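Novice: Structure file start_30.cif (mmCIF, C-alpha atoms and all ligand atoms) right here:
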```
data_coords
loop_
_atom_site.label_atom_id
_atom_site.label_comp_id
_atom_site.auth_asym_id
_atom_site.auth_seq_id
_atom_site.Cartn_x
_atom_site.Cartn_y
_atom_site.Cartn_z
CA MET A 736 -2.76 -0.75 11.55
CA THR A 737 -5.76 -2.73 12.75
CA HIS A 738 -8.01 -4.17 10.07
CA ARG A 739 -11.61 -4.21 11.29
CA LEU A 740 -13.38 -6.90 9.32
CA LEU A 741 -16.91 -7.74 8.41
CA ILE A 742 -16.58 -11.21 6.91
CA ASP A 743 -19.36 -12.50 4.68
CA THR A 744 -18.98 -16.25 4.37
CA ASP A 745 -20.45 -19.69 3.59
CA PRO A 746 -18.33 -22.02 5.76
CA GLY A 747 -17.00 -24.17 4.06
CA VAL A 748 -13.60 -25.64 4.79
CA ASP A 749 -11.53 -22.86 3.18
CA ASP A 750 -13.78 -20.19 4.71
CA ALA A 751 -12.95 -21.68 8.11
CA LEU A 752 -9.22 -21.44 7.47
CA ALA A 753 -9.59 -17.82 6.35
CA ILE A 754 -11.53 -16.91 9.48
CA LEU A 755 -8.94 -18.64 11.69
CA MET A 756 -6.22 -16.65 9.92
CA ALA A 757 -8.02 -13.40 10.70
CA SER A 758 -8.65 -14.47 14.28
CA ALA A 759 -4.95 -15.27 14.82
CA HIS A 760 -3.59 -12.13 13.20
CA PRO A 761 -2.39 -9.44 15.62
CA GLY A 762 -3.39 -6.63 13.26
CA CYS A 763 -7.00 -7.63 12.86
CA ARG A 764 -10.34 -7.55 14.64
CA ILE A 765 -13.36 -9.52 13.41
CA GLU A 766 -16.35 -7.22 13.95
CA ALA A 767 -19.04 -9.46 12.48
CA LEU A 768 -19.69 -12.56 10.44
CA THR A 769 -22.53 -12.41 7.94
CA ILE A 770 -23.60 -15.75 6.56
CA THR A 771 -24.88 -16.85 3.19
CA ALA A 772 -25.87 -20.09 1.55
CA GLY A 773 -23.28 -21.37 -0.91
CA ASN A 774 -21.03 -24.32 -0.29
CA VAL A 775 -24.00 -25.92 1.49
CA GLY A 776 -27.39 -24.67 2.69
CA LEU A 777 -27.76 -21.77 5.08
CA GLY A 778 -28.70 -24.00 8.02
CA HIS A 779 -25.30 -25.66 7.80
CA THR A 780 -23.22 -22.57 6.95
CA LEU A 781 -24.75 -20.72 9.90
CA ALA A 782 -24.17 -23.62 12.29
CA ASN A 783 -20.61 -23.97 11.03
CA ALA A 784 -19.86 -20.28 11.57
CA LEU A 785 -21.21 -20.47 15.12
CA LYS A 786 -19.25 -23.65 15.82
CA LEU A 787 -16.05 -22.07 14.51
CA CYS A 788 -16.54 -19.00 16.70
CA GLU A 789 -17.02 -21.27 19.69
CA VAL A 790 -13.96 -23.41 18.99
CA ALA A 791 -11.67 -20.47 18.17
CA ASP A 792 -13.08 -18.15 20.82
CA ILE A 793 -14.10 -15.52 18.28
CA ASP A 794 -16.27 -12.99 20.03
CA ALA A 795 -18.16 -11.56 17.06
CA PRO A 796 -21.88 -11.49 16.27
CA VAL A 797 -23.06 -13.90 13.56
CA PHE A 798 -25.87 -12.70 11.27
CA PRO A 799 -27.93 -15.08 9.12
CA GLY A 800 -28.34 -13.96 5.53
CA ALA A 801 -29.70 -15.17 2.22
CA PRO A 802 -30.81 -18.81 1.99
CA VAL A 803 -30.98 -18.74 -1.83
CA PRO A 804 -29.40 -16.78 -4.71
CA LEU A 805 -31.28 -13.76 -6.10
CA VAL A 806 -32.42 -15.54 -9.27
CA ALA A 807 -30.35 -18.63 -9.97
CA VAL A 808 -31.23 -22.14 -8.90
CA PRO A 809 -28.71 -23.01 -6.18
CA GLU A 810 -26.11 -25.71 -6.89
CA ASP A 811 -24.00 -26.32 -3.82
CA ALA A 812 -20.45 -27.64 -3.38
CA ALA A 813 -21.16 -30.41 -0.89
CA TYR A 814 -19.01 -32.72 -3.01
CA VAL A 815 -16.03 -30.54 -2.00
CA HIS A 816 -16.85 -29.54 1.57
CA GLY A 817 -19.01 -32.43 2.78
CA ARG A 818 -22.80 -32.56 3.11
CA ASP A 819 -22.60 -30.44 6.26
CA GLY A 820 -19.90 -28.12 4.84
CA PHE A 821 -17.40 -29.16 7.52
CA GLY A 822 -16.26 -32.52 6.17
CA ASP A 823 -19.09 -34.59 7.71
CA ALA A 824 -16.92 -34.95 10.79
CA GLY A 825 -19.85 -35.45 13.15
CA LEU A 826 -19.26 -32.28 15.19
CA SER A 827 -21.64 -31.53 18.05
CA PRO A 828 -24.04 -28.65 17.32
CA PRO A 829 -22.94 -25.16 18.40
CA SER A 830 -24.19 -23.81 21.69
CA ARG A 831 -23.83 -20.19 20.57
CA ARG A 832 -26.84 -18.48 18.98
CA ALA A 833 -27.06 -16.33 15.86
CA GLU A 834 -28.35 -12.74 15.91
CA SER A 835 -31.89 -12.08 14.70
CA GLU A 836 -30.96 -9.18 12.37
CA HIS A 837 -30.57 -10.11 8.69
CA ALA A 838 -27.02 -10.04 7.32
CA ALA A 839 -27.80 -7.39 4.69
CA LEU A 840 -29.31 -5.07 7.30
CA ALA A 841 -26.38 -5.68 9.63
CA MET A 842 -24.00 -4.68 6.84
CA LEU A 843 -25.85 -1.39 6.36
CA ARG A 844 -26.09 -0.67 10.10
CA LEU A 845 -22.48 -1.49 10.89
CA ALA A 846 -21.23 0.61 7.99
CA ARG A 847 -23.28 3.56 9.31
CA GLU A 848 -22.04 3.04 12.86
CA HIS A 849 -18.39 2.83 11.74
CA PRO A 850 -18.12 4.97 8.62
CA GLY A 851 -14.74 4.72 6.89
CA GLU A 852 -13.51 2.02 9.26
CA LEU A 853 -14.58 -1.42 8.07
CA THR A 854 -13.16 -3.77 5.48
CA PHE A 855 -15.81 -5.99 3.92
CA VAL A 856 -14.41 -9.43 3.09
CA MET A 857 -16.54 -11.55 0.78
CA LEU A 858 -15.75 -15.27 0.93
CA GLY A 859 -18.94 -16.67 -0.58
CA PRO A 860 -21.61 -15.89 -3.17
CA LEU A 861 -22.32 -12.16 -3.17
CA THR A 862 -26.05 -12.37 -2.37
CA ASN A 863 -25.99 -10.55 0.99
CA LEU A 864 -23.92 -7.65 -0.31
CA ALA A 865 -26.09 -7.34 -3.42
CA LEU A 866 -29.17 -7.13 -1.19
CA ALA A 867 -27.51 -4.48 0.98
CA LEU A 868 -26.44 -2.48 -2.09
CA SER A 869 -29.95 -2.67 -3.50
CA LEU A 870 -31.40 -1.32 -0.27
CA ASP A 871 -28.80 1.42 -0.04
CA PRO A 872 -26.59 2.12 -3.08
CA SER A 873 -24.58 4.66 -1.05
CA LEU A 874 -23.04 1.85 1.06
CA PRO A 875 -19.60 2.01 -0.68
CA GLU A 876 -19.21 5.63 0.53
CA ARG A 877 -18.88 4.29 4.09
CA VAL A 878 -16.81 1.17 3.42
CA PRO A 879 -13.27 2.05 2.34
CA ARG A 880 -12.18 -1.44 1.36
CA LEU A 881 -13.89 -4.43 -0.24
CA VAL A 882 -12.05 -7.69 -0.94
CA VAL A 883 -13.85 -10.37 -2.93
CA MET A 884 -12.92 -14.03 -3.40
CA GLY A 885 -14.54 -14.90 -6.69
CA GLY A 886 -14.30 -15.25 -10.42
CA ALA A 887 -11.83 -16.84 -12.79
CA VAL A 888 -10.27 -14.01 -14.73
CA SER A 889 -9.32 -15.90 -17.87
CA GLY A 890 -11.99 -18.57 -17.87
CA ARG A 891 -10.36 -21.34 -15.87
CA GLY A 892 -13.14 -21.86 -13.34
CA ASN A 893 -13.86 -24.65 -10.91
CA THR A 894 -17.43 -25.59 -11.83
CA ARG A 895 -18.86 -27.43 -14.83
CA LEU A 896 -18.74 -24.20 -16.85
CA PRO A 897 -15.67 -21.93 -17.18
CA VAL A 898 -17.04 -20.28 -14.09
CA GLU A 899 -15.85 -19.97 -10.50
CA PHE A 900 -18.17 -21.24 -7.77
CA ASN A 901 -19.04 -17.98 -5.97
CA THR A 902 -19.90 -15.98 -9.10
CA GLY A 903 -21.59 -19.03 -10.63
CA PHE A 904 -23.80 -19.64 -7.58
CA ASP A 905 -25.33 -16.16 -7.77
CA PRO A 906 -24.40 -14.39 -11.01
CA GLU A 907 -26.98 -11.60 -10.58
CA ALA A 908 -25.59 -10.75 -7.15
CA ALA A 909 -22.06 -10.67 -8.57
CA ARG A 910 -23.23 -8.35 -11.35
CA ILE A 911 -24.82 -5.95 -8.85
CA VAL A 912 -21.68 -5.81 -6.73
CA PHE A 913 -19.16 -5.57 -9.58
CA ASP A 914 -21.15 -2.92 -11.41
CA ARG A 915 -22.03 -0.78 -8.38
CA TRP A 916 -18.97 -0.97 -6.14
CA PRO A 917 -16.54 1.57 -7.55
CA ARG A 918 -13.29 -0.16 -6.59
CA PHE A 919 -12.54 -3.54 -5.02
CA GLU A 920 -9.77 -6.11 -4.73
CA LEU A 921 -10.36 -9.49 -6.33
CA VAL A 922 -8.74 -12.81 -5.46
CA ASP A 923 -9.89 -15.26 -8.12
CA TRP A 924 -9.74 -19.02 -8.53
CA GLU A 925 -6.82 -18.82 -10.95
CA ALA A 926 -4.71 -16.95 -8.37
CA THR A 927 -5.72 -19.70 -5.95
CA LEU A 928 -4.36 -22.33 -8.34
CA ARG A 929 -1.02 -20.46 -8.52
CA HIS A 930 -0.74 -20.41 -4.72
CA GLY A 931 -1.22 -24.03 -3.77
CA LEU A 932 -0.26 -25.38 -0.35
CA ALA A 933 1.74 -28.62 -0.43
CA HIS A 934 -0.29 -31.44 1.11
CA ALA A 935 2.81 -32.77 2.86
CA ARG A 936 3.32 -29.45 4.65
CA CYS A 937 -0.39 -29.02 5.51
CA ASP A 938 -0.39 -32.52 6.98
CA ARG A 939 2.48 -31.49 9.29
CA TRP A 940 0.90 -28.19 10.34
CA PHE A 941 -2.49 -29.74 11.04
CA ALA A 942 -0.90 -32.53 13.08
CA VAL A 943 0.62 -30.25 15.75
CA ASP A 944 -0.64 -30.57 19.30
CA HIS A 945 -3.02 -27.59 19.36
CA PRO A 946 -6.83 -27.61 19.61
CA LEU A 947 -7.25 -25.49 16.47
CA ALA A 948 -4.93 -27.74 14.47
CA ARG A 949 -6.90 -30.78 15.63
CA PHE A 950 -10.20 -29.10 14.78
CA TYR A 951 -9.00 -27.99 11.38
CA ASP A 952 -7.46 -31.36 10.60
CA THR A 953 -10.81 -32.98 11.34
CA ILE A 954 -13.00 -30.71 9.22
CA SER A 955 -10.59 -30.46 6.27
CA ARG A 956 -9.49 -34.11 6.03
CA GLN A 957 -12.18 -35.25 3.59
CA THR A 958 -11.69 -32.34 1.16
CA ARG A 959 -7.89 -32.64 1.28
CA ILE A 960 -8.12 -36.30 0.31
CA TRP A 961 -10.61 -35.46 -2.47
CA SER A 962 -8.36 -32.65 -3.73
CA ALA A 963 -5.20 -34.78 -3.68
CA GLY A 964 -6.96 -37.29 -5.94
CA LEU A 965 -8.01 -34.55 -8.35
CA ARG A 966 -5.19 -32.00 -8.37
CA GLY A 967 -2.10 -33.75 -7.06
CA GLU A 968 0.48 -32.51 -4.60
CA GLU A 969 -0.97 -29.14 -3.72
CA TRP A 970 -4.14 -28.19 -1.93
CA HIS A 971 -5.95 -24.98 -2.96
CA SER A 972 -7.59 -22.83 -0.34
CA ALA A 973 -9.23 -19.91 -2.12
CA ASP A 974 -10.66 -18.08 0.86
CA ALA A 975 -7.39 -18.43 2.77
CA LEU A 976 -5.50 -16.69 -0.04
CA ALA A 977 -8.12 -13.95 -0.09
CA MET A 978 -7.67 -13.49 3.65
CA ALA A 979 -3.88 -13.21 3.23
CA GLN A 980 -4.55 -10.35 0.81
CA VAL A 981 -6.91 -8.75 3.33
CA LEU A 982 -4.49 -9.01 6.26
CA GLU A 983 -1.22 -8.12 4.57
CA PRO A 984 -1.89 -6.52 1.18
CA GLU A 985 1.69 -5.27 1.13
CA ARG A 986 2.76 -8.90 0.50
CA ALA A 987 1.07 -8.90 -2.90
CA LEU A 988 3.82 -9.13 -5.51
CA GLU A 989 1.78 -8.34 -8.60
CA THR A 990 -1.70 -7.00 -9.24
CA ALA A 991 -3.56 -5.74 -12.33
CA GLU A 992 -6.13 -2.94 -12.42
CA ARG A 993 -8.86 -3.73 -14.92
CA ALA A 994 -12.57 -3.33 -15.68
CA LEU A 995 -14.37 -6.50 -14.64
CA THR A 996 -17.96 -7.66 -14.79
CA VAL A 997 -19.87 -10.92 -14.92
CA GLU A 998 -21.75 -12.58 -17.78
CA LEU A 999 -25.44 -13.16 -17.12
CA ALA A 1000 -26.89 -14.27 -20.43
CA GLY A 1001 -24.25 -16.61 -21.82
CA GLU A 1002 -25.41 -20.06 -22.86
CA HIS A 1003 -22.08 -21.62 -21.90
CA ALA A 1004 -20.66 -18.98 -19.60
CA ARG A 1005 -23.38 -17.67 -17.29
CA GLY A 1006 -21.62 -16.47 -14.13
CA MET A 1007 -18.25 -16.10 -15.84
CA THR A 1008 -16.14 -13.08 -14.94
CA VAL A 1009 -15.26 -10.97 -17.97
CA VAL A 1010 -12.15 -8.80 -17.78
CA ASP A 1011 -11.23 -6.03 -20.20
CA TRP A 1012 -7.57 -7.10 -20.25
CA LEU A 1013 -6.60 -4.84 -23.17
CA GLY A 1014 -8.39 -1.78 -21.81
CA ARG A 1015 -10.34 -1.28 -25.04
CA GLY A 1016 -13.84 -1.08 -23.58
CA LYS A 1017 -15.60 1.91 -22.12
CA ARG A 1018 -16.21 0.57 -18.65
CA PRO A 1019 -14.13 2.18 -15.88
CA VAL A 1020 -11.49 0.16 -14.06
CA ASN A 1021 -13.13 -1.27 -10.95
CA ALA A 1022 -10.98 -4.23 -9.87
CA ARG A 1023 -7.49 -4.72 -8.55
CA ILE A 1024 -6.87 -8.36 -9.45
CA LEU A 1025 -4.32 -10.29 -7.40
CA LEU A 1026 -1.84 -12.05 -9.67
CA SER A 1027 0.94 -13.02 -7.30
CA TYR A 1028 1.36 -13.09 -3.51
CA ASP A 1029 4.37 -13.90 -1.29
CA ARG A 1030 3.89 -17.66 -0.91
CA THR A 1031 6.16 -17.99 2.11
CA ARG A 1032 4.16 -15.38 3.97
CA PHE A 1033 0.90 -17.02 2.91
CA GLU A 1034 2.11 -20.30 4.40
CA GLN A 1035 3.15 -18.55 7.63
CA LEU A 1036 -0.32 -17.02 8.00
CA VAL A 1037 -1.91 -20.45 7.52
CA GLN A 1038 0.41 -22.01 10.08
CA ALA A 1039 -0.36 -19.27 12.60
CA ALA A 1040 -4.09 -19.85 12.07
CA VAL A 1041 -3.89 -23.38 13.47
CA GLY A 1042 -1.28 -22.74 16.16
CA ALA A 1043 1.54 -24.31 14.14
CA ALA A 1044 3.74 -21.21 13.77
C1 LIG B 1101 -14.87 -20.53 -3.58
O1 LIG B 1101 -15.99 -21.42 -3.69
C2 LIG B 1101 -16.20 -22.09 -2.46
O2 LIG B 1101 -16.40 -23.45 -2.65
C3 LIG B 1101 -15.02 -21.79 -1.59
O3 LIG B 1101 -15.41 -21.69 -0.23
C4 LIG B 1101 -14.50 -20.48 -2.11
O4 LIG B 1101 -15.12 -19.37 -1.50
C5 LIG B 1101 -13.78 -21.01 -4.49
O5 LIG B 1101 -14.22 -21.04 -5.80
CA CA B 1102 -16.36 -19.63 0.58
#
```
Could you write out this file's structure as structure tokens?
Specialist:
Amino acid sequence: MTHRLLIDTDPGVDDALAILMASAHPGCRIEALTITAGNVGLGHTLANALKLCEVADIDAPVFPGAPVPLVAVPEDAAYVHGRDGFGDAGLSPPSRRAESEHAALAMLRLAREHPGELTFVMLGPLTNLALALSLDPSLPERVPRLVVMGGAVSGRGNTRLPVEFNTGFDPEAARIVFDRWPRFELVDWEATLRHGLAHARCDRWFAVDHPLARFYDTISRQTRIWSAGLRGEEWHSADALAMAQVLEPERALETAERALTVELAGEHARGMTVVDWLGRGKRPVNARILLSYDRTRFEQLVQAAVGAA
């Protein structure tokens, strides 16, 4: 089976690894990249996506999307990904150009051109998809599969609040998507924490003699050092885990089907994902939450992404 992917992304070091995983996978075709602000500003995330396509020879159109969240004041994650989002490695600017169509419009058009065929993969704040859904609420009828990296399903987030970065960056967009998309798969930050990649092994994979390994080693070095200081022996690559779920969902070992939404008004928890774990509420089940994934296979997909398999 060939997965045909529209990847919405804010590259971002882990976004880059996810996209390389998709690019390397024999059962996958990247149809388009739609770009949002998030980890850093849109100017950088767009340039990074174009640069990645150039380096990895990914022949997919790149559509610029939302520069700001719907309502929230943006707070980026430059302290994780570098001021330029790619580890401040001093890369030369991309020579490829972005499309002129807006990401949200491209989502709607591509879904109409390929009804029932695309998987939408959301690796950043959900602003572009929320805009598309607001323009055309019937979009889910034409997109059979949506996979979202976001949320922290029991409150163990990775920002100042008990909130994960992508839902915290644009809570209103997350609310629109979670409340209007009838059924999606969710890979949250807590699953990411349970599927760490040992630094010692990453160091070996990224040191192989391959242009993609060299590239990835360069852009991820700063965040891996930062992460080792904070979280110890394992590195956590959220978007890469989400991409493993996209590419080989049969390798998921445990999932939970629950009703999930996002808090908008909370004083201490704005942007927090709220899950009806006990099934006592009235909201319909909308999310398949990844709890456990085959870690060996996850590692193999990461290795293949950088030419180390
Ligand atoms: C998510 O936030 C971003 O910093 C990462 O790229 C990932 O999409 C993890 O919380
Ligand atoms: Ca991301």
Novice: Counting only C-alpha atoms and all ligand atoms, what residues are within 7 Å of ligand LIG 1101 (chain B), given as an MDAnalysis selection string?
Specialist: chainID A and resid 745:750 774 812 858:859 884:885 893 899:901 924 973:974
Novice: Please determine, counting all atoms listed in the file, which residue among A:Arg891, A:Leu787, A:Leu740, A:Ser972 has the shortest atom-to-atom distance to ligand CA 1102 (chain B).
Specialist: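 Checking each candidate against ligand CA 1102 (chain B), we get A:Ser972 as the closest.
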Novice: Box for range 954-958 of chain A: with edges along x, y and z, all listed atoms inside and 4 Å added on each side, what are the centre and edge lengths in Å to one decimal, as lines of an AutoDock Vina configuration file?
Specialist:
```
center_x = -11.2
center_y = -32.9
center_z = 5.2
size_x = 11.5
size_y = 12.8
size_z = 16.1
```
Novice: Report as a PyMOL selection string all protein, DNA and RNA residues lying within 12 Å of Met736 in chain A, evaluated on all atoms listed in the file, omitting residues in the same chain fewer than 6 positions from it.
Specialist: chain A and resi 760-764+852+982-984
Novice: Return the single residue from A:Arg877, A:Val981, A:Gly800, A:His1003 that is closest to Ala757 in chain A, with distances computed using all atoms listed in the file.
Specialist: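 Once distances to Ala757 in chain A are computed over all atoms listed in the file, the minimum belongs to A:Val981.
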Novice: Which residues, written as a PyMOL selection string, have at least one atom at most 6 Å from Val775 in chain A, with all atoms listed in the file counted and residues fewer than 5 positions away on the same chain left out?
Specialist: chain A and resi 811+813+820
Novice: Env of Val912 in chain A: 8 Å cut, atoms = all atoms listed in the file, seq-sep filter 3 positions within chain, self excluded. Answer as a VMD selection string.
Specialist: chain A and resid 861 864 to 865 868 908 to 909 915 to 916
Novice: I'd like to know which of A:Thr737, A:Pro1019, A:Pro828, A:Gly903 is closest to Gly773 in chain A, using all atoms listed in the file.
Specialist: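 When distances to Gly773 in chain A are compared using all atoms listed in the file, the smallest one comes from A:Gly903.
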Novice: Here is a test: counting only C-alpha atoms, which residue of A:Ala979, A:Ala759, A:Ala807, A:Leu947 is nearest to Gly1006 in chain A?
Specialist: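 Comparing A:Ala979, A:Ala759, A:Ala807, A:Leu947 against Gly1006 in chain A, the winner is A:Ala807.
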Novice: Name the residues, using the chain letters and numbers of the file, that sit within 6 Å of (-18.2, -13.5, -12.4) when counting only C-alpha atoms, and give them as a ChimeraX atom specification.
Specialist: /A:886,902,997,1006-1008
Novice: When you count only C-alpha atoms and all ligand atoms, which of these residues is closest to ligand CA 1102 (chain B): A:His816, A:Arg847, A:Arg918, A:Arg1018?
Specialist: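 Answer, going by the shortest atom-to-atom distance: A:His816.
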Novice: Go through A:Val856, A:Ser830, A:His849, A:Pro809 and flag the residue nearest ligand CA 1102 (chain B), using only C-alpha atoms and all ligand atoms for the distances.
Specialist: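 Answer, going by the shortest atom-to-atom distance: A:Val856.
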Novice: So which residues touch Arg966 in chain A within 12 Å, counting all atoms listed in the file, skipping near sequence neighbours fewer than 4 positions away, as a count of residues only?
Specialist: 13
Novice: Take CA of Ile742 in chain A and CA of Met978 in chain A and report the distance between them in Å, one decimal.
Specialist: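 Distance between the two atoms: 9.8 Å.
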Novice: Quick one: pull the distance between CA of Met756 in chain A and CA of Tyr951 in chain A, Å, one decimal.
Specialist: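 If I compute the distance from CA of Met756 in chain A to CA of Tyr951 in chain A, I get 11.8 Å.
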Novice: Quick one: pull the distance between CA of Thr769 in chain A and CA of Leu741 in chain A, Å, one decimal.
Specialist: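 Value for the CA of Thr769 in chain A-CA of Leu741 in chain A distance: 7.3 Å.
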Novice: What's around Thr990 in chain A at 7 Å? Count only C-alpha atoms, leave out sequence neighbours fewer than 4 positions away in its own chain, and write the answer as a ChimeraX atom specification.
Specialist: /A:1023-1027
Novice: Starting from the point (-28.3, -4.8, 11.4), work out which residues of protein, DNA or RNA have an atom no more than 12 Å away when counting only C-alpha atoms; state them as an MDAnalysis selection string.
Specialist: chainID A and resid 767:769 796:800 834:848 867
Novice: Using the block above, I'd like range 841-896 of chain A written out, keeping C-alpha atoms and formatting it as a short mmCIF file (atom, residue, chain, number, x, y, z; two decimals), in the first residue's frame.
Specialist:
```cif
data_model
loop_
_atom_site.label_atom_id
_atom_site.label_comp_id
_atom_site.auth_asym_id
_atom_site.auth_seq_id
_atom_site.Cartn_x
_atom_site.Cartn_y
_atom_site.Cartn_z
CA ALA A 841 -3.84 23.87 -1.21
CA MET A 842 -5.24 21.43 1.36
CA LEU A 843 -8.77 21.99 0.06
CA ARG A 844 -7.74 21.76 -3.61
CA LEU A 845 -5.60 18.65 -3.23
CA ALA A 846 -8.32 16.88 -1.25
CA ARG A 847 -10.80 17.65 -4.05
CA GLU A 848 -8.38 16.50 -6.74
CA HIS A 849 -7.61 13.24 -4.89
CA PRO A 850 -10.75 12.37 -2.93
CA GLY A 851 -10.31 9.41 -0.60
CA GLU A 852 -6.60 9.12 -1.34
CA LEU A 853 -4.58 11.42 0.90
CA THR A 854 -3.37 11.09 4.46
CA PHE A 855 -3.00 14.43 6.20
CA VAL A 856 -0.08 14.42 8.63
CA MET A 857 0.01 17.30 11.10
CA LEU A 858 3.43 17.89 12.65
CA GLY A 859 2.96 21.45 13.91
CA PRO A 860 0.32 23.79 15.33
CA LEU A 861 -3.02 23.10 13.66
CA THR A 862 -3.61 26.61 12.25
CA ASN A 863 -3.58 25.72 8.54
CA LEU A 864 -5.98 22.81 8.94
CA ALA A 865 -8.31 24.88 11.13
CA LEU A 866 -8.39 27.55 8.42
CA ALA A 867 -9.13 24.93 5.75
CA LEU A 868 -11.88 23.38 7.89
CA SER A 869 -13.42 26.78 8.49
CA LEU A 870 -13.51 27.48 4.76
CA ASP A 871 -14.92 24.05 3.98
CA PRO A 872 -16.23 21.90 6.86
CA SER A 873 -16.83 19.00 4.44
CA LEU A 874 -13.05 18.47 4.03
CA PRO A 875 -12.94 15.31 6.23
CA GLU A 876 -15.31 13.57 3.76
CA ARG A 877 -12.46 13.56 1.21
CA VAL A 878 -9.54 12.80 3.51
CA PRO A 879 -9.70 9.25 4.85
CA ARG A 880 -6.89 9.54 7.38
CA LEU A 881 -5.63 12.31 9.66
CA VAL A 882 -2.66 11.80 11.99
CA VAL A 883 -1.86 14.56 14.48
CA MET A 884 1.26 15.04 16.59
CA GLY A 885 0.02 17.04 19.52
CA GLY A 886 -1.32 17.13 23.04
CA ALA A 887 -0.32 15.53 26.31
CA VAL A 888 -3.11 13.16 27.20
CA SER A 889 -2.67 13.12 30.96
CA GLY A 890 -1.23 16.58 31.49
CA ARG A 891 2.49 15.96 31.19
CA GLY A 892 3.24 18.60 28.57
CA ASN A 893 6.47 20.15 27.39
CA THR A 894 5.76 23.86 27.85
CA ARG A 895 5.50 26.02 30.98
CA LEU A 896 1.92 24.84 31.48
#
```
